[in-house]
Amino acid sequence: MSSSTVTVPTKMKGWVYSEYGDPAQVLKLESEVPVPDVKEDQVLVKVVAAALNLLDYKRMEGAIKATDSSPPTVPGYDVAGVVVELGSKVKNLQVGDEVYGNINEAALLQPKKYGSLAEYTAVEEKLLALKPQNLSFAEAASLPLAIETALEGLEKVGLTSEMSILVLGGAVPPPASWFVVTSKGSALEKLKPYLESGEVKPLIDPNGPFPFSQTLEAFSHLMTGRATGKVVVHPLIYIL
């Protein structure tokens, strides 16, 4: 790993569950969570904001147990934060870069044990993009899993500017198609001009952002099914 001026601890605060079940019962805030090791193609991100997805609590309930990494687990897919350490084969990112992304390339296949609801998370460089300067960390964290899913879906059906699209809220019958998103930082880079111009805008639920200490409340709100926009946890840390 390359050296940096940032001192990274060996332990961190994080929300952890050691068994599957209702988030209100199994998710606990712990202060001695191991900071994940950084592989050669990864960076260590100091988390500033994280967003919750339905998949987070479905996973916690055991819905993907057959393909999941084994607990104990720090949940969380969406992240925005600051790079503090580089793997030896990282080419484009630098310590101090403000980045965002979905930390799991395959949403359902062996998602990481150390997710984004902790002070640090390790992420492959290819899954991250530089945060648009006009977006806050909270806004950036709200985007990756949802916006990458939308983009991949539109590309799969071959949508063009001459076509219209109807967005429905549930598992519709054929000719609808079903897919699981593959996370890519390049997808976020492709969308950057639309985010920077304001043509595409993040939508954060008005009940948030929720502070890190109120992550259980954030999950409870998400599980009501009444959230308008993304449920975001922020701030996680103070910016370096």
# chains A, B, ... in the order shown; residues from 1 in each chain; ligands from 1
>>> residues_around(residues="Met60 of chain A", least_positions_apart="2", cutoff="9 Å", atoms="only C-alpha atoms", output="list in words")
Tyr17, Glu19, Tyr20, Gly21, Asp22, Pro23, Val26, Leu27, Leu55, Asp56, Tyr57, Lys58, Gly62, Ala63, Ile64, Lys65, Thr73 and Pro75 of chain A
>>> write_last_selection(atoms="all heavy atoms", output="compact mmCIF listing (two decimals), in the first residue's frame")
# COMPACT_ATOMS: atom_id res chain seq x y z
N TYR A 17 -24.60 -6.22 12.75
CA TYR A 17 -25.51 -7.29 13.18
C TYR A 17 -24.78 -8.62 13.09
O TYR A 17 -24.03 -8.88 12.16
CB TYR A 17 -26.80 -7.31 12.37
CG TYR A 17 -26.68 -7.53 10.88
CD1 TYR A 17 -26.79 -8.81 10.33
CD2 TYR A 17 -26.50 -6.45 10.02
CE1 TYR A 17 -26.70 -9.00 8.95
CE2 TYR A 17 -26.41 -6.64 8.64
CZ TYR A 17 -26.51 -7.91 8.12
OH TYR A 17 -26.42 -8.10 6.77
N GLU A 19 -26.48 -11.63 13.69
CA GLU A 19 -27.44 -12.65 13.28
C GLU A 19 -28.51 -11.96 12.46
O GLU A 19 -28.70 -10.75 12.54
CB GLU A 19 -28.05 -13.35 14.49
CG GLU A 19 -28.78 -12.40 15.44
CD GLU A 19 -29.32 -13.11 16.67
OE1 GLU A 19 -29.37 -14.34 16.65
OE2 GLU A 19 -29.69 -12.41 17.63
N TYR A 20 -29.22 -12.75 11.65
CA TYR A 20 -30.29 -12.20 10.84
C TYR A 20 -31.53 -11.94 11.69
O TYR A 20 -31.81 -12.65 12.65
CB TYR A 20 -30.64 -13.15 9.70
CG TYR A 20 -29.53 -13.32 8.69
CD1 TYR A 20 -28.89 -14.55 8.52
CD2 TYR A 20 -29.12 -12.25 7.88
CE1 TYR A 20 -27.87 -14.70 7.58
CE2 TYR A 20 -28.10 -12.40 6.95
CZ TYR A 20 -27.49 -13.64 6.81
OH TYR A 20 -26.48 -13.78 5.88
N GLY A 21 -32.27 -10.88 11.31
CA GLY A 21 -33.50 -10.57 12.02
C GLY A 21 -33.93 -9.14 11.79
O GLY A 21 -33.41 -8.43 10.92
N ASP A 22 -34.91 -8.71 12.57
CA ASP A 22 -35.43 -7.34 12.51
C ASP A 22 -34.32 -6.37 12.88
O ASP A 22 -33.67 -6.53 13.92
CB ASP A 22 -36.59 -7.22 13.51
CG ASP A 22 -37.27 -5.87 13.46
OD1 ASP A 22 -36.63 -4.88 13.04
OD2 ASP A 22 -38.44 -5.80 13.86
N PRO A 23 -34.05 -5.34 12.03
CA PRO A 23 -33.00 -4.38 12.35
C PRO A 23 -33.11 -3.80 13.76
O PRO A 23 -32.09 -3.58 14.42
CB PRO A 23 -33.18 -3.30 11.28
CG PRO A 23 -33.75 -4.04 10.12
CD PRO A 23 -34.65 -5.08 10.72
N VAL A 26 -31.52 -6.62 15.95
CA VAL A 26 -30.19 -7.20 15.74
C VAL A 26 -29.09 -6.18 15.45
O VAL A 26 -27.90 -6.49 15.59
CB VAL A 26 -30.23 -8.25 14.60
CG1 VAL A 26 -31.20 -9.37 14.94
CG2 VAL A 26 -30.57 -7.61 13.25
N LEU A 27 -29.45 -4.97 15.02
CA LEU A 27 -28.45 -3.99 14.64
C LEU A 27 -27.98 -3.19 15.85
O LEU A 27 -28.79 -2.57 16.54
CB LEU A 27 -29.02 -3.05 13.57
CG LEU A 27 -28.02 -2.12 12.86
CD1 LEU A 27 -26.95 -2.91 12.12
CD2 LEU A 27 -28.76 -1.19 11.91
N LEU A 55 -32.76 -3.06 0.05
CA LEU A 55 -31.90 -4.24 0.06
C LEU A 55 -31.13 -4.37 1.38
O LEU A 55 -30.88 -5.49 1.85
CB LEU A 55 -30.92 -4.17 -1.11
CG LEU A 55 -29.93 -5.31 -1.26
CD1 LEU A 55 -30.64 -6.65 -1.34
CD2 LEU A 55 -29.04 -5.09 -2.48
N ASP A 56 -30.79 -3.24 2.01
CA ASP A 56 -30.05 -3.30 3.25
C ASP A 56 -30.82 -4.05 4.34
O ASP A 56 -30.27 -4.90 5.03
CB ASP A 56 -29.71 -1.89 3.74
CG ASP A 56 -28.66 -1.21 2.89
OD1 ASP A 56 -27.57 -1.80 2.73
OD2 ASP A 56 -28.91 -0.10 2.39
N TYR A 57 -32.10 -3.71 4.50
CA TYR A 57 -32.81 -4.39 5.57
C TYR A 57 -33.32 -5.76 5.15
O TYR A 57 -33.44 -6.66 5.98
CB TYR A 57 -33.90 -3.51 6.19
CG TYR A 57 -35.22 -3.39 5.50
CD1 TYR A 57 -36.15 -4.42 5.55
CD2 TYR A 57 -35.59 -2.21 4.86
CE1 TYR A 57 -37.40 -4.29 4.95
CE2 TYR A 57 -36.83 -2.08 4.27
CZ TYR A 57 -37.73 -3.12 4.32
OH TYR A 57 -38.96 -2.99 3.72
N LYS A 58 -33.57 -5.96 3.85
CA LYS A 58 -33.92 -7.30 3.38
C LYS A 58 -32.76 -8.26 3.61
O LYS A 58 -32.93 -9.40 4.05
CB LYS A 58 -34.29 -7.27 1.90
CG LYS A 58 -35.60 -6.56 1.58
CD LYS A 58 -36.79 -7.30 2.17
CE LYS A 58 -38.10 -6.67 1.76
NZ LYS A 58 -39.26 -7.35 2.37
N GLY A 62 -32.22 -11.66 6.23
CA GLY A 62 -31.83 -12.97 5.74
C GLY A 62 -32.33 -13.32 4.35
O GLY A 62 -32.23 -14.47 3.93
N ALA A 63 -32.82 -12.33 3.60
CA ALA A 63 -33.43 -12.59 2.30
C ALA A 63 -32.42 -13.11 1.27
O ALA A 63 -32.80 -13.81 0.33
CB ALA A 63 -34.11 -11.34 1.76
N ILE A 64 -31.13 -12.77 1.43
CA ILE A 64 -30.12 -13.26 0.48
C ILE A 64 -29.10 -14.14 1.19
O ILE A 64 -27.93 -14.22 0.78
CB ILE A 64 -29.44 -12.10 -0.27
CG1 ILE A 64 -28.68 -11.18 0.68
CG2 ILE A 64 -30.44 -11.31 -1.09
CD1 ILE A 64 -27.77 -10.19 -0.04
N LYS A 65 -29.54 -14.82 2.24
CA LYS A 65 -28.65 -15.64 3.06
C LYS A 65 -27.83 -16.62 2.22
O LYS A 65 -26.65 -16.87 2.50
CB LYS A 65 -29.46 -16.41 4.10
CG LYS A 65 -28.61 -17.22 5.07
CD LYS A 65 -29.48 -18.10 5.96
CE LYS A 65 -30.34 -17.28 6.89
NZ LYS A 65 -31.06 -18.14 7.88
N THR A 73 -21.82 -8.45 10.30
CA THR A 73 -21.84 -7.61 9.11
C THR A 73 -22.11 -6.16 9.46
O THR A 73 -22.97 -5.87 10.29
CB THR A 73 -22.94 -8.10 8.15
OG1 THR A 73 -22.69 -9.47 7.78
CG2 THR A 73 -23.00 -7.25 6.89
N PRO A 75 -23.80 -3.23 7.61
CA PRO A 75 -24.61 -3.03 6.41
C PRO A 75 -24.24 -1.75 5.68
O PRO A 75 -23.47 -0.93 6.17
CB PRO A 75 -26.03 -2.98 6.95
CG PRO A 75 -25.88 -2.45 8.33
CD PRO A 75 -24.57 -2.97 8.84
>>> residues_around(residues="segment 87-95 of chain A", least_positions_apart="6", cutoff="12 Å", atoms="only C-alpha atoms", output="PyMOL selection string")
chain A and resi 1-7+37-46+81+122-131+185+240
>>> write_last_selection(atoms="N, CA, C and O atoms", output="CSV table (one decimal), in the first residue's frame")
chain,number,residue,atom,x,y,z
A,1,MET,N,0.8,-1.2,0.0
A,1,MET,CA,0.0,0.0,0.0
A,1,MET,C,0.9,1.3,0.0
A,1,MET,O,1.9,1.3,0.6
A,2,SER,N,0.4,2.3,-0.7
A,2,SER,CA,1.1,3.5,-0.7
A,2,SER,C,1.0,4.3,0.6
A,2,SER,O,0.0,4.1,1.3
A,3,SER,N,1.9,5.0,1.0
A,3,SER,CA,1.9,5.8,2.2
A,3,SER,C,1.0,7.0,2.1
A,3,SER,O,0.7,7.5,1.0
A,4,SER,N,0.5,7.5,3.2
A,4,SER,CA,-0.3,8.7,3.2
A,4,SER,C,-0.1,9.5,4.5
A,4,SER,O,0.6,9.0,5.4
A,5,THR,N,-0.5,10.7,4.5
A,5,THR,CA,-0.4,11.5,5.7
A,5,THR,C,-1.5,11.3,6.7
A,5,THR,O,-1.5,11.9,7.7
A,6,VAL,N,-2.5,10.5,6.3
A,6,VAL,CA,-3.6,10.3,7.2
A,6,VAL,C,-3.3,9.1,8.1
A,6,VAL,O,-2.9,8.0,7.7
A,7,THR,N,-3.5,9.2,9.4
A,7,THR,CA,-3.4,8.1,10.4
A,7,THR,C,-4.7,7.4,10.4
A,7,THR,O,-5.7,7.9,10.8
A,37,ASP,N,-9.1,-4.3,5.9
A,37,ASP,CA,-7.9,-4.3,5.2
A,37,ASP,C,-8.1,-3.8,3.8
A,37,ASP,O,-9.2,-4.1,3.2
A,38,VAL,N,-7.2,-3.1,3.2
A,38,VAL,CA,-7.3,-2.6,1.8
A,38,VAL,C,-6.6,-3.5,0.9
A,38,VAL,O,-5.3,-3.7,1.0
A,39,LYS,N,-7.3,-4.1,-0.1
A,39,LYS,CA,-6.6,-5.0,-1.1
A,39,LYS,C,-6.0,-4.1,-2.2
A,39,LYS,O,-6.2,-2.9,-2.2
A,40,GLU,N,-5.2,-4.7,-3.0
A,40,GLU,CA,-4.3,-3.9,-3.9
A,40,GLU,C,-5.1,-3.1,-4.9
A,40,GLU,O,-4.6,-2.1,-5.4
A,41,ASP,N,-6.4,-3.5,-5.2
A,41,ASP,CA,-7.2,-2.7,-6.1
A,41,ASP,C,-8.2,-1.8,-5.4
A,41,ASP,O,-9.1,-1.3,-6.1
A,42,GLN,N,-8.1,-1.7,-4.1
A,42,GLN,CA,-9.1,-0.9,-3.3
A,42,GLN,C,-8.5,0.3,-2.8
A,42,GLN,O,-7.3,0.5,-2.7
A,43,VAL,N,-9.4,1.2,-2.3
A,43,VAL,CA,-9.0,2.4,-1.5
A,43,VAL,C,-9.8,2.3,-0.2
A,43,VAL,O,-10.9,1.6,-0.1
A,44,LEU,N,-9.3,2.9,0.9
A,44,LEU,CA,-10.0,3.0,2.1
A,44,LEU,C,-10.7,4.4,2.1
A,44,LEU,O,-10.0,5.4,1.9
A,45,VAL,N,-12.0,4.4,2.4
A,45,VAL,CA,-12.8,5.6,2.4
A,45,VAL,C,-13.2,5.9,3.8
A,45,VAL,O,-13.8,5.1,4.5
A,46,LYS,N,-12.9,7.1,4.2
A,46,LYS,CA,-13.5,7.6,5.5
A,46,LYS,C,-14.9,8.1,5.1
A,46,LYS,O,-15.0,9.1,4.4
A,81,GLY,N,-17.5,9.8,0.7
A,81,GLY,CA,-16.5,10.1,1.7
A,81,GLY,C,-15.2,10.5,1.0
A,81,GLY,O,-15.1,10.9,-0.1
A,122,ALA,N,-13.7,-0.2,2.8
A,122,ALA,CA,-12.8,-0.5,1.7
A,122,ALA,C,-13.6,-0.8,0.4
A,122,ALA,O,-14.5,-1.6,0.4
A,123,VAL,N,-13.2,-0.1,-0.7
A,123,VAL,CA,-13.9,-0.2,-1.9
A,123,VAL,C,-13.0,-0.3,-3.1
A,123,VAL,O,-12.0,0.4,-3.1
A,124,GLU,N,-13.3,-1.2,-4.1
A,124,GLU,CA,-12.5,-1.3,-5.3
A,124,GLU,C,-12.6,0.1,-6.0
A,124,GLU,O,-13.6,0.7,-6.1
A,125,GLU,N,-11.4,0.5,-6.5
A,125,GLU,CA,-11.3,1.8,-7.2
A,125,GLU,C,-12.4,1.9,-8.4
A,125,GLU,O,-13.0,2.9,-8.6
A,126,LYS,N,-12.6,0.7,-9.1
A,126,LYS,CA,-13.5,0.8,-10.3
A,126,LYS,C,-14.9,1.0,-9.9
A,126,LYS,O,-15.7,1.3,-10.8
A,127,LEU,N,-15.3,0.9,-8.6
A,127,LEU,CA,-16.7,1.1,-8.2
A,127,LEU,C,-17.0,2.6,-7.8
A,127,LEU,O,-18.1,2.9,-7.6
A,128,LEU,N,-15.9,3.4,-7.8
A,128,LEU,CA,-16.1,4.7,-7.3
A,128,LEU,C,-15.9,5.8,-8.4
A,128,LEU,O,-15.3,5.5,-9.4
A,129,ALA,N,-16.4,7.0,-8.1
A,129,ALA,CA,-16.2,8.1,-9.0
A,129,ALA,C,-16.0,9.3,-8.1
A,129,ALA,O,-16.4,9.4,-6.9
A,130,LEU,N,-15.4,10.3,-8.7
A,130,LEU,CA,-15.2,11.6,-8.0
A,130,LEU,C,-16.5,12.2,-7.7
A,130,LEU,O,-17.4,12.3,-8.7
A,131,LYS,N,-16.8,12.8,-6.5
A,131,LYS,CA,-18.0,13.4,-6.2
A,131,LYS,C,-18.2,14.7,-7.0
A,131,LYS,O,-17.3,15.5,-7.0
A,185,GLY,N,-18.2,2.4,-11.3
A,185,GLY,CA,-17.9,3.8,-11.2
A,185,GLY,C,-18.0,4.6,-12.5
A,185,GLY,O,-18.4,5.8,-12.6
A,240,LEU,N,-12.1,15.8,6.8
A,240,LEU,CA,-10.7,16.0,7.1
A,240,LEU,C,-10.2,17.4,6.8
A,240,LEU,O,-10.6,18.0,5.8
>>> select_by_dssp(residues="segment 21-108 of chain A", states="helix (DSSP H, G or I)", output="ChimeraX atom specification")
/A:23-26,54-60,65-67
>>> atom_distance(atom1="atom CA of Val233 of chain A", atom2="atom CA of Leu108 of chain A")
22.2 Å
>>> closest_residue(among="A:Leu135, A:Val82, A:Ala176, A:Leu188", to="Gly153 of chain A", atoms="only C-alpha atoms")
A:Ala176
>>> closest_residue(among="A:Val167, A:Leu143, A:Ala107, A:Val48", to="Lys230 of chain A", atoms="only C-alpha atoms")
A:Leu143
>>> residues_around(residues="segment 221-225 of chain A", least_positions_apart="3", cutoff="12 Å", atoms="only C-alpha atoms", output="ChimeraX atom specification")
/A:22-24,51-58,61,169,204-210,214-218,228-233
>>> residues_around(residues="Ala146 of chain A", least_positions_apart="4", cutoff="10 Å", atoms="only C-alpha atoms", output="PyMOL selection string")
chain A and resi 53+78+102+142+150-151+181+230
>>> closest_residue(among="A:Glu30, A:Glu162, A:Glu155, A:Glu148", to="Leu191 of chain A", atoms="only C-alpha atoms")
A:Glu148
>>> select_by_dssp(residues="segment 109-179 of chain A", states="strand (DSSP E)", output="list of chain:residue names")
A:Tyr120, A:Thr121, A:Ala122, A:Val123, A:Glu124, A:Leu128, A:Ala129, A:Leu130
>>> closest_residue(among="A:Gln133, A:Ala49, A:Tyr194, A:Pro174", to="Gly115 of chain A", atoms="only C-alpha atoms")
A:Ala49
>>> closest_residue(among="A:Ala140, A:Asn104, A:Tyr120, A:Ala66", to="Leu236 of chain A", atoms="only C-alpha atoms")
A:Tyr120
>>> residues_around(residues="Ser116 of chain A", least_positions_apart="5", cutoff="8 Å", atoms="only C-alpha atoms", output="PyMOL selection string")
chain A and resi 47+50+74-79+103+121
